[in-house]
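Asker: Hey, dropping query.csv in here, CSV, C-alpha atoms and all ligand atoms:
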```csv
chain,number,residue,atom,x,y,z
O,733,MET,CA,-12.9,9.2,-12.2
O,734,GLY,CA,-13.3,10.7,-8.8
O,735,ASN,CA,-13.5,7.9,-6.2
O,736,ASN,CA,-13.4,5.3,-8.9
O,737,ASN,CA,-10.4,3.3,-10.0
O,738,GLN,CA,-9.2,3.0,-13.6
O,739,ILE,CA,-11.9,0.6,-14.6
O,740,GLY,CA,-14.7,2.7,-13.1
O,741,ILE,CA,-15.2,0.7,-9.9
O,742,SER,CA,-15.5,2.4,-6.6
O,743,SER,CA,-11.9,2.5,-5.3
O,744,LYS,CA,-13.0,1.6,-1.8
O,745,LYS,CA,-15.0,-1.4,-3.0
O,746,ALA,CA,-12.1,-2.4,-5.3
O,747,GLN,CA,-9.7,-2.4,-2.3
O,748,GLN,CA,-12.1,-4.5,-0.2
O,749,LEU,CA,-12.5,-6.9,-3.1
O,750,ALA,CA,-8.8,-7.1,-3.7
O,751,ALA,CA,-8.3,-8.0,0.0
O,752,LYS,CA,-10.7,-10.9,-0.3
O,753,LEU,CA,-9.1,-11.9,-3.6
O,754,ASN,CA,-5.8,-12.0,-1.8
O,755,GLU,CA,-7.2,-14.4,0.7
O,756,LEU,CA,-8.5,-16.5,-2.2
O,757,LEU,CA,-5.1,-16.3,-3.8
O,758,ALA,CA,-3.4,-17.5,-0.6
O,759,ALA,CA,-5.7,-20.4,-0.4
O,760,TYR,CA,-5.1,-21.3,-4.1
O,761,GLN,CA,-1.4,-21.3,-3.5
O,762,VAL,CA,-1.7,-23.7,-0.6
O,763,PHE,CA,-4.2,-25.8,-2.5
O,764,TYR,CA,-1.8,-26.0,-5.4
O,765,MET,CA,1.1,-27.1,-3.3
O,766,ASN,CA,-1.0,-29.6,-1.5
O,767,VAL,CA,-2.1,-31.3,-4.7
O,768,ARG,CA,1.5,-31.3,-5.9
O,769,GLY,CA,2.3,-33.2,-2.7
O,770,LEU,CA,-0.5,-35.6,-3.4
O,771,HIS,CA,0.8,-36.2,-6.9
O,772,TRP,CA,4.3,-37.0,-5.6
O,773,ASN,CA,3.2,-39.1,-2.7
O,774,ILE,CA,0.4,-41.3,-4.0
O,775,ASN,CA,0.9,-45.0,-3.5
O,776,GLY,CA,-1.2,-48.1,-4.1
O,777,ASN,CA,-3.2,-49.6,-7.0
O,778,ASN,CA,-4.8,-46.2,-7.9
O,779,PHE,CA,-1.4,-44.8,-8.5
O,780,PHE,CA,-1.6,-44.2,-12.3
O,781,GLU,CA,-5.2,-42.9,-12.2
O,782,LEU,CA,-4.7,-40.5,-9.3
O,783,HIS,CA,-1.1,-39.4,-10.2
O,784,LEU,CA,-2.5,-38.2,-13.5
O,785,LYS,CA,-5.8,-36.8,-12.0
O,786,TYR,CA,-3.8,-34.8,-9.4
O,787,GLU,CA,-1.6,-33.4,-12.2
O,788,GLU,CA,-4.7,-32.2,-14.1
O,789,LEU,CA,-5.9,-30.5,-10.9
O,790,TYR,CA,-2.7,-28.8,-9.9
O,791,ASN,CA,-2.4,-27.4,-13.5
O,792,ASN,CA,-5.9,-26.1,-13.2
O,793,LEU,CA,-5.1,-24.5,-9.8
O,794,GLN,CA,-1.9,-22.9,-11.2
O,795,LEU,CA,-3.9,-21.2,-13.9
O,796,LYS,CA,-6.3,-19.8,-11.3
O,797,VAL,CA,-3.4,-18.5,-9.1
O,798,ASP,CA,-2.4,-16.4,-12.1
O,799,GLU,CA,-5.9,-15.3,-13.0
O,800,VAL,CA,-6.7,-14.2,-9.5
O,801,ALA,CA,-3.4,-12.4,-9.0
O,802,GLU,CA,-3.9,-10.5,-12.3
O,803,ARG,CA,-7.5,-9.7,-11.4
O,804,ILE,CA,-6.1,-8.1,-8.2
O,805,LEU,CA,-3.7,-6.0,-10.3
O,806,THR,CA,-6.6,-5.1,-12.7
O,807,LEU,CA,-8.5,-3.8,-9.7
O,808,GLY,CA,-5.6,-1.6,-8.8
O,809,ALA,CA,-4.1,-3.5,-5.9
O,810,VAL,CA,-1.0,-5.7,-5.3
O,811,PRO,CA,-1.3,-9.5,-5.2
O,812,LEU,CA,0.5,-11.2,-2.3
O,813,HIS,CA,3.5,-13.0,-3.6
O,814,THR,CA,5.3,-14.6,-0.7
O,815,PHE,CA,4.4,-17.8,1.1
O,816,THR,CA,5.0,-16.1,4.4
O,817,ASP,CA,2.1,-13.8,3.6
O,818,TYR,CA,0.0,-16.6,2.2
O,819,MET,CA,0.3,-18.8,5.3
O,820,LYS,CA,-0.9,-15.9,7.5
O,821,ILE,CA,-4.3,-15.7,5.7
O,822,SER,CA,-4.9,-18.9,3.9
O,823,ALA,CA,-8.1,-20.7,4.9
O,824,LEU,CA,-6.5,-23.9,3.7
O,825,LYS,CA,-3.9,-25.7,5.8
O,826,GLU,CA,-0.8,-27.3,4.5
O,827,ALA,CA,-1.1,-31.1,4.0
O,828,LYS,CA,1.9,-33.4,4.2
O,829,GLY,CA,2.7,-37.0,3.5
O,830,ILE,CA,-0.6,-38.2,2.2
O,831,HIS,CA,-0.1,-41.5,0.3
O,832,ASN,CA,-3.6,-43.0,0.4
O,833,GLY,CA,-5.9,-42.3,-2.5
O,834,ALA,CA,-9.1,-41.9,-0.5
O,835,GLU,CA,-7.4,-39.6,1.9
O,836,GLY,CA,-6.1,-37.4,-0.9
O,837,VAL,CA,-9.5,-37.2,-2.6
O,838,THR,CA,-11.1,-36.4,0.7
O,839,LEU,CA,-8.6,-33.5,1.2
O,840,ILE,CA,-9.5,-32.3,-2.3
O,841,LEU,CA,-13.2,-32.4,-1.6
O,842,GLU,CA,-12.8,-30.4,1.6
O,843,SER,CA,-10.6,-27.9,-0.1
O,844,LEU,CA,-12.9,-27.4,-3.1
O,845,GLY,CA,-15.8,-26.9,-0.6
O,846,LYS,CA,-13.9,-24.1,1.1
O,847,MET,CA,-12.9,-22.5,-2.2
O,848,ILE,CA,-16.5,-22.5,-3.4
O,849,VAL,CA,-17.8,-20.9,-0.2
O,850,MET,CA,-15.1,-18.2,-0.4
O,851,GLN,CA,-15.9,-17.5,-4.0
O,852,ARG,CA,-19.6,-17.2,-3.3
O,853,GLU,CA,-18.7,-14.6,-0.6
O,854,ILE,CA,-16.6,-12.7,-3.1
O,855,LEU,CA,-19.4,-12.9,-5.6
O,856,LYS,CA,-21.6,-10.9,-3.2
O,857,LEU,CA,-19.0,-8.2,-2.9
O,858,SER,CA,-18.3,-8.0,-6.6
O,859,GLY,CA,-22.0,-7.9,-7.3
O,860,ASP,CA,-22.4,-5.0,-4.9
O,861,ALA,CA,-19.4,-3.2,-6.6
O,862,GLU,CA,-20.9,-3.9,-10.1
O,863,ASP,CA,-17.6,-5.6,-10.9
O,864,GLU,CA,-18.7,-7.9,-13.7
O,865,GLY,CA,-15.1,-9.0,-14.4
O,866,THR,CA,-14.7,-10.5,-11.0
O,867,ASN,CA,-18.3,-11.8,-11.0
O,868,ALA,CA,-17.7,-13.7,-14.2
O,869,LEU,CA,-14.4,-15.2,-12.9
O,870,MET,CA,-16.0,-16.3,-9.6
O,871,SER,CA,-19.1,-17.8,-11.4
O,872,ASP,CA,-16.9,-19.8,-13.8
O,873,TYR,CA,-14.8,-21.2,-10.9
O,874,ILE,CA,-17.9,-22.0,-8.8
O,875,ARG,CA,-19.6,-23.9,-11.6
O,876,GLU,CA,-16.5,-25.8,-12.6
O,877,GLN,CA,-15.6,-26.7,-9.0
O,878,GLU,CA,-19.1,-27.8,-8.1
O,879,LYS,CA,-18.9,-30.3,-10.9
O,880,MET,CA,-15.5,-31.4,-9.6
O,881,VAL,CA,-17.0,-32.0,-6.2
O,882,TRP,CA,-19.6,-34.3,-7.8
O,883,MET,CA,-17.0,-36.2,-9.6
O,884,TYR,CA,-14.5,-36.6,-6.8
O,885,ALA,CA,-17.3,-37.5,-4.4
O,886,ALA,CA,-18.5,-40.2,-6.9
O,887,TRP,CA,-14.9,-41.6,-7.1
O,888,LEU,CA,-14.8,-41.8,-3.3
O,889,LYS,CA,-18.0,-44.0,-3.3
O,890,LYS,CA,-16.3,-46.5,-5.6
O,891,GLY,CA,-16.2,-50.1,-4.4
O,901,FE,FE,4.8,-35.1,-12.3
```
Now that the file is in, can you turn its structure into C-alpha cells?
Ligand SMILES: [Fe+2]
Answerer:
Amino acid sequence: MGNNNQIGISSKKAQQLAAKLNELLAAYQVFYMNVRGLHWNINGNNFFELHLKYEELYNNLQLKVDEVAERILTLGAVPLHTFTDYMKISALKEAKGIHNGAEGVTLILESLGKMIVMQREILKLSGDAEDEGTNALMSDYIREQEKMVWMYAAWLKKG
C-alpha cells in the first residue's frame, strides 16, 4: 500500500479530494435546506406545480448528500456532519422567506450553476488521482444538473 489508501489512491491526493468533497457536501446541505424552505414557503398560482417540483429536487439533493458523505468515507476521510462546520465553508448562502416562484427558480438556477462548477473542479482533482469512483459520481451529477439548468431556465422564460 505504501503511500496509498485502502483503495489504492494516493493518500495525499485522497485527502485533498476529501477536503473538496467536504466543501461540496456543505454546499449540498445548504442547497437541500434552501429547497425545503422553497417547498414550504411557495405561494401563488404556481403553488401545486412548484411545491411538487421542489420536493422532487430536495429528495434528489438528499440522496447526493449521502453519496458524497459516503464517498468521503470511502476515500478514508471523515465527512463534516454539523451545520456549524457546513456554514463555515459552504459556497451557497442560506436563503430565507422566498414565496415567489420565479425567485425560487432563479435561486435554484444559481445554486445548480455553482454546484456544477465545483464538481468540474473536483473532476480535475479526481482525474489526476486516477479516482474513477469520484470521477463517475461527479460526471453523473454534472450531466444531470446541466439538464436541470436547461429545464428550470425554460420554466423561467414561460409567459
Ligand atoms: Fe412536503
Asker: Restricting the calculation to all atoms listed in the file, which member of O:Met880, O:Ile774, O:Met870, O:Ala750 is positioned closest to ligand FE 901 (chain O)?
Answerer: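 Once distances to ligand FE 901 (chain O) are computed over all atoms listed in the file, the minimum belongs to O:Ile774.
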Asker: Please list as a list of chain:residue names every residue within 10 Å of Ser858 (chain O), counting all atoms listed in the file and excluding residues in the same chain fewer than 4 positions away.
Answerer: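 The neighbour list is O:Ile741, O:Lys745, O:Ala746, O:Gln748, O:Leu749, O:Ala750, O:Arg852, O:Glu853, O:Ile854, O:Glu862, O:Asp863, O:Glu864, O:Gly865, O:Thr866, O:Asn867, O:Ala868, O:Met870.
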Asker: Would you kindly return, as a PDB file with C-alpha atoms, in the coordinates of the input, each protein, DNA or RNA residue with an atom no farther than 9 Å from any atom of Tyr764 (chain O), considering only C-alpha atoms and excluding same-chain residues fewer than 3 positions away?
Answerer:
```pdb
ATOM      1  CA  ALA O 759      -5.700 -20.400  -0.400  1.00  0.00           C
ATOM      2  CA  TYR O 760      -5.100 -21.300  -4.100  1.00  0.00           C
ATOM      3  CA  GLN O 761      -1.400 -21.300  -3.500  1.00  0.00           C
ATOM      4  CA  VAL O 767      -2.100 -31.300  -4.700  1.00  0.00           C
ATOM      5  CA  ARG O 768       1.500 -31.300  -5.900  1.00  0.00           C
ATOM      6  CA  GLY O 769       2.300 -33.200  -2.700  1.00  0.00           C
ATOM      7  CA  LEU O 789      -5.900 -30.500 -10.900  1.00  0.00           C
ATOM      8  CA  TYR O 790      -2.700 -28.800  -9.900  1.00  0.00           C
ATOM      9  CA  ASN O 791      -2.400 -27.400 -13.500  1.00  0.00           C
ATOM     10  CA  ASN O 792      -5.900 -26.100 -13.200  1.00  0.00           C
ATOM     11  CA  LEU O 793      -5.100 -24.500  -9.800  1.00  0.00           C
ATOM     12  CA  GLN O 794      -1.900 -22.900 -11.200  1.00  0.00           C
ATOM     13  CA  VAL O 797      -3.400 -18.500  -9.100  1.00  0.00           C
TER      14      VAL O 797
END
```
Asker: Would you kindly return, as a PDB file with C-alpha atoms, keeping the file's coordinate frame, each protein, DNA or RNA residue with an atom no farther than 12 Å from any atom of Ala886 (chain O), considering only C-alpha atoms and excluding same-chain residues fewer than 4 positions away?
Answerer:
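Written output follows (around-v1.pdb):
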```pdb
ATOM      1  CA  ALA O 834      -9.100 -41.900  -0.500  1.00  0.00           C
ATOM      2  CA  VAL O 837      -9.500 -37.200  -2.600  1.00  0.00           C
ATOM      3  CA  THR O 838     -11.100 -36.400   0.700  1.00  0.00           C
ATOM      4  CA  LEU O 841     -13.200 -32.400  -1.600  1.00  0.00           C
ATOM      5  CA  LYS O 879     -18.900 -30.300 -10.900  1.00  0.00           C
ATOM      6  CA  MET O 880     -15.500 -31.400  -9.600  1.00  0.00           C
ATOM      7  CA  VAL O 881     -17.000 -32.000  -6.200  1.00  0.00           C
ATOM      8  CA  TRP O 882     -19.600 -34.300  -7.800  1.00  0.00           C
ATOM      9  CA  LYS O 890     -16.300 -46.500  -5.600  1.00  0.00           C
ATOM     10  CA  GLY O 891     -16.200 -50.100  -4.400  1.00  0.00           C
TER      11      GLY O 891
END
```
Asker: Counting all atoms listed in the file, what residues are within 10 Å of ligand FE 901 (chain O), given as a VMD selection string?
Answerer: chain O and resid 768 771 to 772 783 to 784 786 to 787
Asker: May I ask for the distance between CA of Ile830 (chain O) and CA of Phe780 (chain O), given in Å to one decimal place?
Answerer: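 About the pair CA of Ile830 (chain O) and CA of Phe780 (chain O): they are 15.7 Å apart.
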Asker: Which is closest to Asn737 (chain O) among O:Ala801, O:Met883, O:Ala823, O:Ala861, if we use only C-alpha atoms?
Answerer: O:Ala861
